[in-house]
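Shown here: structure24.cif, mmCIF, C-alpha atoms.
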data_my_file
#
loop_
_atom_site.label_atom_id
_atom_site.label_comp_id
_atom_site.auth_asym_id
_atom_site.auth_seq_id
_atom_site.Cartn_x
_atom_site.Cartn_y
_atom_site.Cartn_z
CA MET A 491 -36.23 60.42 84.00
CA THR A 492 -34.17 62.97 82.05
CA LEU A 493 -35.23 63.73 78.49
CA ILE A 494 -32.34 64.28 76.07
CA LEU A 495 -33.47 66.79 73.46
CA GLU A 496 -31.79 66.42 70.08
CA GLU A 497 -32.65 67.63 66.59
CA GLY A 498 -34.84 65.12 64.75
CA LYS A 499 -35.29 62.88 67.79
CA LYS A 500 -38.79 62.10 69.03
CA VAL A 501 -39.35 62.75 72.74
CA GLU A 502 -41.29 60.14 74.71
CA LEU A 503 -43.25 61.85 77.47
CA ASP A 504 -44.71 60.28 80.60
CA ARG A 505 -47.99 62.19 80.55
CA LYS A 506 -50.24 62.15 83.62
CA GLY A 507 -52.07 65.48 83.48
CA SER A 508 -53.80 67.53 80.78
CA PHE A 509 -51.51 70.58 81.03
CA ALA A 510 -47.73 70.99 80.84
CA ILE A 511 -45.70 73.55 82.81
CA VAL A 512 -42.26 74.39 81.43
CA ALA A 513 -39.48 76.40 83.11
CA ILE A 514 -35.87 77.13 82.08
CA THR A 515 -34.56 79.56 84.72
CA LYS A 516 -33.79 79.32 88.44
CA HIS A 517 -36.63 81.61 89.49
CA GLY A 518 -38.92 80.08 86.90
CA VAL A 519 -38.36 76.62 88.36
CA GLU A 520 -39.30 77.85 91.85
CA LEU A 521 -42.51 79.33 90.46
CA ALA A 522 -43.24 76.24 88.35
CA ARG A 523 -42.82 73.87 91.30
CA ASP A 524 -45.24 75.97 93.34
CA LEU A 525 -47.80 76.09 90.53
CA ASN A 526 -47.47 72.36 89.88
CA SER A 527 -48.21 71.59 93.53
CA LYS A 528 -51.42 73.64 93.40
CA PHE A 529 -52.58 72.87 89.84
CA HIS A 530 -53.20 69.15 90.06
CA GLN A 531 -53.93 68.54 86.37
CA SER A 532 -50.40 69.55 85.40
CA ASP A 533 -47.10 67.85 84.51
CA LEU A 534 -43.90 69.79 85.16
CA PHE A 535 -40.82 69.98 82.95
CA TYR A 536 -37.59 71.84 83.72
CA MET A 537 -33.85 71.69 82.95
CA SER A 538 -31.86 68.96 84.69
CA LYS A 539 -29.31 71.43 86.06
CA PHE A 540 -32.02 72.57 88.51
CA GLU A 541 -32.60 69.03 89.86
CA ARG A 542 -33.63 68.94 93.54
CA GLY A 543 -33.74 65.20 94.19
CA ASP A 544 -37.51 64.88 94.64
CA GLU A 545 -38.40 64.91 90.95
CA HIS A 546 -39.17 61.19 90.68
CA ARG A 547 -41.48 61.29 93.69
CA ARG A 548 -43.28 64.36 92.37
CA HIS A 549 -43.40 63.06 88.80
CA ILE A 550 -41.35 65.99 87.52
CA GLN A 551 -39.61 65.38 84.19
CA LEU A 552 -36.16 66.84 83.59
CA PHE A 553 -34.63 67.66 80.22
CA GLU A 554 -31.26 68.51 78.69
CA GLY A 555 -30.94 70.52 75.50
CA ASN A 556 -32.92 73.30 73.85
CA VAL A 557 -36.50 73.59 75.16
CA ARG A 558 -37.60 74.34 71.60
CA LEU A 559 -37.12 70.66 70.79
CA LEU A 560 -39.56 69.67 73.53
CA LEU A 561 -42.47 71.73 72.20
CA PRO A 562 -43.62 69.50 69.28
CA SER A 563 -44.20 66.61 71.69
CA LEU A 564 -45.98 68.88 74.18
CA PHE A 565 -48.23 70.22 71.41
CA GLN A 566 -49.31 66.70 70.51
CA SER A 567 -49.83 65.52 74.09
CA TYR A 568 -51.39 68.35 76.14
CA LYS A 569 -54.52 70.52 76.07
CA GLY A 570 -52.51 73.46 77.34
CA ILE A 571 -48.87 74.50 77.78
CA ILE A 572 -47.85 76.97 80.50
CA MET A 573 -44.38 78.40 79.84
CA ILE A 574 -42.33 80.43 82.29
CA VAL A 575 -40.26 81.82 79.45
CA SER A 576 -40.15 85.27 77.83
CA LEU A 577 -43.04 86.01 75.50
CA GLY A 578 -40.82 86.79 72.52
CA ALA A 579 -38.92 83.52 72.87
CA VAL A 580 -42.15 81.53 73.10
CA VAL A 581 -43.56 83.20 69.98
CA ARG A 582 -40.43 82.33 68.00
CA MET A 583 -40.39 78.73 69.28
CA ILE A 584 -44.05 77.89 68.59
CA ALA A 585 -44.35 79.66 65.23
CA PRO A 586 -43.02 76.73 63.12
CA ILE A 587 -45.35 74.17 64.74
CA LEU A 588 -48.65 76.05 64.64
CA LYS A 589 -51.33 74.30 62.58
CA ASP A 590 -54.91 75.41 63.17
CA LYS A 591 -56.87 77.36 65.80
CA LYS A 592 -59.26 74.41 66.13
CA THR A 593 -56.47 71.95 67.05
CA ASP A 594 -53.55 73.93 68.52
CA PRO A 595 -53.35 73.70 72.32
CA ALA A 596 -53.73 76.65 74.65
CA VAL A 597 -50.40 78.39 75.29
CA LEU A 598 -49.78 80.66 78.29
CA VAL A 599 -46.70 82.64 79.29
CA ILE A 600 -45.81 83.64 82.86
CA ASP A 601 -43.05 86.11 83.66
CA ASP A 602 -40.16 85.05 85.89
CA LYS A 603 -41.61 86.78 88.96
CA GLY A 604 -45.09 85.36 88.48
CA GLU A 605 -46.71 88.79 88.24
CA HIS A 606 -48.47 88.33 84.89
CA VAL A 607 -50.12 85.36 83.18
CA ILE A 608 -50.54 85.99 79.45
CA SER A 609 -52.92 84.19 77.09
CA VAL A 610 -50.83 83.67 73.94
CA LEU A 611 -52.52 81.06 71.74
CA SER A 612 -55.96 79.45 71.30
CA GLY A 613 -57.68 81.89 73.61
CA HIS A 614 -61.21 80.79 72.77
CA LEU A 615 -61.42 77.35 71.16
CA GLY A 616 -58.34 76.09 73.02
CA GLY A 617 -59.48 77.56 76.32
CA ALA A 618 -56.36 79.68 76.93
CA ASN A 619 -58.33 82.67 78.20
CA GLU A 620 -60.14 80.67 80.87
CA LEU A 621 -56.93 78.83 81.76
CA THR A 622 -55.16 82.19 82.10
CA LYS A 623 -57.74 83.35 84.64
CA GLU A 624 -57.46 80.09 86.57
CA VAL A 625 -53.65 80.11 86.73
CA ALA A 626 -53.56 83.82 87.60
CA ASN A 627 -55.95 83.16 90.47
CA ILE A 628 -53.69 80.38 91.80
CA LEU A 629 -50.60 82.60 91.63
CA ASP A 630 -52.35 85.79 92.72
CA ALA A 631 -51.12 87.28 89.44
CA LYS A 632 -52.67 89.58 86.85
CA PRO A 633 -54.30 87.81 83.87
CA VAL A 634 -53.46 89.41 80.52
CA ILE A 635 -56.06 88.69 77.84
CA THR A 636 -56.05 90.61 74.58
CA THR A 637 -58.88 88.93 72.65
CA ALA A 638 -61.10 91.79 71.46
CA SER A 639 -64.42 90.16 72.40
CA ASP A 640 -63.18 89.47 75.93
CA VAL A 641 -61.76 92.96 76.39
CA GLN A 642 -64.95 94.57 75.06
CA GLN A 643 -67.16 92.05 76.89
CA THR A 644 -69.22 91.21 73.85
CA ILE A 645 -70.17 88.05 71.91
CA ALA A 646 -67.30 85.67 71.18
CA VAL A 647 -68.50 84.33 67.84
CA ASP A 648 -66.44 81.13 67.95
CA LEU A 649 -67.77 80.29 71.44
CA PHE A 650 -71.34 81.55 71.07
CA GLY A 651 -73.61 79.08 72.91
CA SER A 652 -70.77 76.62 73.50
CA ARG A 653 -71.61 76.31 77.21
CA PHE A 654 -75.00 74.93 76.10
CA GLY A 655 -73.46 72.57 73.57
CA TRP A 656 -74.32 74.60 70.47
CA GLU A 657 -72.27 73.77 67.38
CA TRP A 658 -71.55 76.01 64.43
CA GLU A 659 -72.35 74.51 61.05
CA SER A 660 -69.20 75.87 59.38
CA ALA A 661 -66.10 77.74 60.51
CA LYS A 662 -65.91 79.62 57.19
CA ASN A 663 -67.22 82.98 58.41
CA LEU A 664 -66.09 82.95 62.04
CA THR A 665 -63.35 85.52 61.45
CA PRO A 666 -65.28 88.12 59.38
CA VAL A 667 -68.35 87.87 61.64
CA SER A 668 -66.13 88.27 64.70
CA ALA A 669 -64.67 91.39 63.09
CA SER A 670 -68.17 92.81 62.59
CA VAL A 671 -69.00 92.20 66.25
CA VAL A 672 -65.87 93.78 67.74
CA ASN A 673 -65.95 96.68 65.25
CA GLU A 674 -69.51 97.44 66.38
CA GLU A 675 -71.05 97.02 62.94
CA GLN A 676 -74.73 96.13 62.75
CA VAL A 677 -75.05 92.47 63.71
CA ALA A 678 -78.27 90.43 63.76
CA VAL A 679 -78.80 87.56 66.17
CA VAL A 680 -81.64 85.36 64.93
CA GLN A 681 -82.79 82.82 67.48
CA GLU A 682 -85.51 80.34 66.62
CA SER A 683 -84.64 77.75 69.27
CA GLY A 684 -82.21 77.00 72.06
CA GLU A 685 -81.35 78.48 75.43
CA LYS A 686 -82.08 82.18 75.79
CA GLU A 687 -79.55 83.01 78.55
CA TRP A 688 -76.53 83.36 76.25
CA TRP A 689 -75.73 86.97 77.21
CA HIS A 690 -73.79 86.60 80.48
CA TYR A 691 -72.47 90.13 81.04
CA LYS A 692 -74.06 92.53 83.54
CA HIS A 693 -74.32 95.35 81.03
CA PRO A 694 -76.96 95.25 78.24
CA LEU A 695 -76.35 94.15 74.66
CA PRO A 696 -74.47 96.74 72.59
CA GLU A 697 -76.74 98.85 70.38
CA SER A 698 -74.97 97.39 67.35
CA ILE A 699 -76.36 93.90 68.12
CA LYS A 700 -80.07 93.35 67.52
CA VAL A 701 -82.05 90.18 68.25
CA TYR A 702 -84.70 88.95 65.80
CA SER A 703 -87.12 86.05 66.03
CA THR A 704 -87.11 85.30 62.29
CA ILE A 705 -84.56 85.36 59.48
CA GLU A 706 -87.03 87.31 57.35
CA ASP A 707 -87.14 90.16 59.89
CA ALA A 708 -83.35 90.18 60.20
CA MET A 709 -82.83 90.31 56.43
CA LYS A 710 -85.14 93.34 56.17
CA ALA A 711 -82.80 95.19 58.54
CA LYS A 712 -79.83 94.46 56.22
CA PRO A 713 -77.20 93.78 58.92
CA ARG A 714 -73.49 93.56 58.11
CA ALA A 715 -73.29 90.16 59.82
CA ALA A 716 -75.56 87.58 61.40
CA LEU A 717 -75.56 84.82 64.00
CA VAL A 718 -78.40 82.39 63.29
CA VAL A 719 -79.49 79.89 65.94
CA THR A 720 -81.90 77.25 64.68
CA HIS A 721 -82.46 73.49 64.54
CA ARG A 722 -84.02 73.59 61.08
CA ASN A 723 -82.47 73.66 57.62
CA LEU A 724 -82.63 77.07 55.97
CA LYS A 725 -84.78 77.69 52.90
CA ASN A 726 -83.12 78.83 49.68
CA THR A 727 -84.58 82.30 50.18
CA GLU A 728 -82.89 82.51 53.61
CA GLU A 729 -79.38 81.45 52.58
CA ASP A 730 -78.28 85.02 51.81
CA ILE A 731 -78.10 85.80 55.53
CA LEU A 732 -75.15 83.41 55.77
CA LYS A 733 -73.01 85.31 53.22
CA ASN A 734 -71.48 86.97 56.27
CA GLY A 735 -73.14 84.82 58.90
CA VAL A 736 -72.60 81.83 61.13
CA LEU A 737 -75.25 79.14 61.61
CA TYR A 738 -75.45 77.55 65.06
CA ARG A 739 -77.14 74.27 65.96
CA PRO A 740 -78.63 74.25 69.49
CA LYS A 741 -79.25 70.88 71.13
CA VAL A 742 -83.06 70.93 71.16
CA ILE A 743 -84.34 67.91 69.23
CA VAL A 744 -85.57 64.94 71.25
CA LEU A 745 -86.23 61.63 69.53
CA GLY A 746 -88.73 59.27 71.10
CA VAL A 747 -87.96 55.83 69.68
CA GLY A 748 -89.52 52.39 70.05
CA CYS A 749 -88.40 49.33 68.13
CA ASN A 750 -88.74 45.57 67.91
CA ARG A 751 -86.17 43.59 69.86
CA GLY A 752 -83.00 43.09 67.83
CA THR A 753 -83.63 45.89 65.32
CA SER A 754 -80.33 46.71 63.63
CA THR A 755 -78.36 49.87 64.23
CA GLU A 756 -78.49 50.60 60.51
CA GLU A 757 -82.29 50.50 60.37
CA ILE A 758 -82.70 52.72 63.43
CA GLU A 759 -80.18 55.24 62.08
CA GLN A 760 -81.80 55.26 58.63
CA VAL A 761 -85.26 55.96 60.09
CA ILE A 762 -83.88 58.79 62.20
CA GLN A 763 -82.04 60.39 59.28
CA GLN A 764 -85.02 60.02 56.93
CA THR A 765 -87.40 61.47 59.51
CA LEU A 766 -85.20 64.49 60.20
CA ASN A 767 -84.81 65.10 56.46
CA GLU A 768 -88.58 65.02 56.05
CA LEU A 769 -88.98 67.53 58.87
CA LYS A 770 -86.08 69.60 57.45
CA PHE A 771 -84.32 69.41 60.82
CA SER A 772 -80.55 69.21 61.36
CA ILE A 773 -79.17 66.05 62.92
CA LYS A 774 -76.60 68.26 64.68
CA SER A 775 -79.40 69.62 66.87
CA VAL A 776 -80.40 66.24 68.31
CA LYS A 777 -79.89 66.09 72.06
CA ALA A 778 -81.32 62.74 73.13
CA ILE A 779 -82.98 59.46 72.22
CA CYS A 780 -85.70 58.40 74.67
CA SER A 781 -87.48 55.10 75.05
CA ILE A 782 -89.00 52.70 77.60
CA ASP A 783 -86.81 51.01 80.20
CA LEU A 784 -87.46 47.66 78.52
CA LYS A 785 -85.11 48.99 75.81
CA LYS A 786 -82.29 50.13 78.09
CA ASP A 787 -80.09 47.31 76.76
CA GLU A 788 -81.25 47.49 73.12
CA GLU A 789 -77.97 47.28 71.20
CA GLY A 790 -79.19 49.20 68.14
CA LEU A 791 -80.38 52.17 70.20
CA LEU A 792 -77.24 52.16 72.34
CA ALA A 793 -75.01 52.09 69.25
CA VAL A 794 -76.75 55.01 67.55
CA ALA A 795 -76.68 57.09 70.72
CA HIS A 796 -72.98 56.35 71.16
CA LYS A 797 -72.13 57.14 67.52
CA TYR A 798 -73.65 60.62 67.70
CA ASN A 799 -72.85 61.26 71.37
CA TRP A 800 -76.55 61.63 72.21
CA GLU A 801 -78.06 61.05 75.62
CA PHE A 802 -80.00 57.79 75.86
CA ILE A 803 -82.81 58.06 78.41
CA CYS A 804 -85.31 55.34 79.31
CA TYR A 805 -88.52 55.70 81.33
CA SER A 806 -90.69 53.20 83.15
CA ALA A 807 -94.15 52.35 81.84
CA LYS A 808 -95.63 54.16 84.86
CA GLU A 809 -93.76 57.36 83.96
CA LEU A 810 -94.81 57.15 80.32
CA ASN A 811 -98.46 56.59 81.22
CA ARG A 812 -98.54 59.89 83.08
CA MET A 813 -98.35 61.69 79.76
CA SER A 814 -101.52 62.48 77.82
CA ILE A 815 -100.93 61.27 74.26
CA GLN A 816 -102.98 61.50 71.06
CA ASP A 817 -102.63 57.92 69.96
CA PRO A 818 -102.71 55.44 72.89
CA SER A 819 -102.36 51.80 71.86
CA GLU A 820 -103.85 48.80 73.65
CA THR A 821 -101.46 46.58 71.70
CA VAL A 822 -98.41 48.46 72.96
CA TYR A 823 -99.87 48.33 76.48
CA LYS A 824 -100.26 44.56 76.23
CA TYR A 825 -96.55 44.07 75.54
CA THR A 826 -94.97 46.93 77.49
CA GLY A 827 -97.41 48.11 80.14
CA ALA A 828 -97.38 51.57 78.51
CA TYR A 829 -100.00 53.00 76.14
CA GLY A 830 -97.23 54.44 74.02
CA VAL A 831 -93.44 54.63 73.93
CA SER A 832 -92.04 57.08 71.38
CA GLU A 833 -94.70 59.77 71.83
CA PRO A 834 -94.76 60.04 75.66
CA ALA A 835 -90.97 59.54 75.91
CA ALA A 836 -90.32 62.51 73.64
CA MET A 837 -92.84 64.64 75.53
CA LEU A 838 -91.52 63.61 78.94
CA TYR A 839 -87.91 64.50 78.20
CA SER A 840 -88.52 67.66 76.20
CA GLY A 841 -91.31 69.17 78.27
CA ALA A 842 -93.07 70.03 75.02
CA LYS A 843 -96.88 70.03 75.01
CA THR A 844 -97.01 69.45 71.26
CA LEU A 845 -94.74 67.38 69.03
CA SER A 846 -93.17 68.17 65.66
CA LEU A 847 -93.94 64.57 64.72
CA ILE A 848 -96.51 62.72 66.81
CA LYS A 849 -95.65 59.22 65.67
CA LYS A 850 -94.39 57.46 62.57
CA LYS A 851 -94.03 53.71 62.07
CA SER A 852 -91.30 52.64 59.68
CA GLY A 853 -90.37 48.97 59.48
CA ASN A 854 -89.33 47.83 62.95
CA VAL A 855 -89.02 51.39 64.29
CA THR A 856 -91.53 53.87 65.71
CA ILE A 857 -90.36 57.47 66.10
CA SER A 858 -91.69 60.74 67.54
CA VAL A 859 -89.92 64.11 67.49
CA ALA A 860 -90.09 66.96 69.98
CA ILE A 861 -88.36 70.34 70.30
CA ILE A 862 -87.32 71.51 73.77
CA PRO A 863 -89.27 74.76 74.30
CA TYR A 864 -86.76 77.09 75.96
#

I'd like the structure from this file rewritten - as structure tokens, please.
Amino acid sequence: MTLILEEGKKVELDRKGSFAIVAITKHGVELARDLNSKFHQSDLFYMSKFERGDEHRRHIQLFEGNVRLLLPSLFQSYKGIIMIVSLGAVVRMIAPILKDKKTDPAVLVIDDKGEHVISVLSGHLGGANELTKEVANILDAKPVITTASDVQQTIAVDLFGSRFGWEWESAKNLTPVSASVVNEEQVAVVQESGEKEWWHYKHPLPESIKVYSTIEDAMKAKPRAALVVTHRNLKNTEEDILKNGVLYRPKVIVLGVGCNRGTSTEEIEQVIQQTLNELKFSIKSVKAICSIDLKKDEEGLLAVAHKYNWEFICYSAKELNRMSIQDPSETVYKYTGAYGVSEPAAMLYSGAKTLSLIKKKSGNVTISVAIIPY
């Protein structure tokens, strides 16, 4: 298939992979064909005048016209675009179609000899920096990454804790806090919950970054910026730390839930939201719903877990009965074979010895809440 690129005409792509490779020169095509054969998640595009005859078999798409006209469709269709085109030309071509760092795809540039792979766009959130390293490794080329936090090997504020699933509450202060980190201003990291192994470099934390266990202690130090990691909602007296701070939500809350058969999704969700509000916990920090295996097909529980992208874990009565709980119930045992559902399920998954909420009965739903003790 040859794509005819014309002004104002939409290009229909036959997408198979997650990444697009684009070449427009003779040597670039040779390099692109080699990379495409080794990078199996990629689709290859090059000019029809370089046709070899095996394009259909290899699912290579040819085009005629200005490559600039192909880019809007590639931006909408692929996670990353690898261009064997000069850096200056790529910058001029993508400038009019850039939208937002949270949605723009990763863009890489490779020189015509395949000596350098350059991360151009969406280095962190779009994954261009990691993709650059991967492609450079395939080509035995030199990766070129200019993001300050990567060069300095320090905290990347927009990716902090992302490998653990942490989410930032708001993107508002990502840029100024990042500036404070790379400029080696005093930065406080306040961690109340979540995984502790977030520093992955061999060298120690820079002296400009200090770790505190409480927001109160951090505020006394008067840092220029702060990264706050907690599952709870901040008090009014603590909000000042976020004037130049980013709030992260680690996945640490485990919900043990039992319910009557046929309980609606709406009722289960309402009880969960109300309970978290009472505890002053963020719903963004929920990791899993846990119950007894009798509930593995409970539509309401499945729907809530799916809506929020939470794990849904069910245990047998035998597994639940191994846990020592405060409020065993003969009635629950009569119907389920377990002396409790929500309480032991939350404890079993989280590994917590104590619960933030032992058990609450609300309508058709029983709920317990645990925090994973990293």

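Considering the residues A:Glu756, A:Asp602, A:Glu624, A:Glu685 and counting all atoms listed in the file, A:Leu791 has its shortest atom-to-atom contact with A:Glu756.
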
- [ ] Specify as a PyMOL selection string each residue included when the PyMOL selection byres ((chain A and resi 513) around 8) is applied to this file.
- [x] chain A and resi 511-512+514-515+518-519+522+535-537+573-575

- [ ] Write out as a list in words the residues lying within 7 Å of A:Thr704, counting all atoms listed in the file and excluding same-chain residues fewer than 2 positions away.
- [x]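 Residues near the query, excluding close chain neighbours: Val680, Glu682, Tyr702, Glu706, Asp707 and Ala708 of chain A.
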
Open item on the list: For the PyMOL selection byres ((chain A and resi 549) around 10), applied here, can you spell out every residue it catches as a list of chain:residue names?
Closed with: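 In the shown coordinates, the PyMOL selection byres ((chain A and resi 549) around 10) covers A:Met491, A:Asp504, A:Arg505, A:Lys506, A:Asp533, A:Leu534, A:Phe535, A:Asp544, A:Glu545, A:His546, A:Arg547, A:Arg548, A:Ile550, A:Gln551, A:Leu552.
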
Open item on the list: Under the PyMOL selection byres ((chain A and resi 802) around 10), which residues of this model are included? Write them out as number ranges by chain.
Closed with: A: 745, 777-781, 786, 791-792, 794-796, 799-801, 803-804
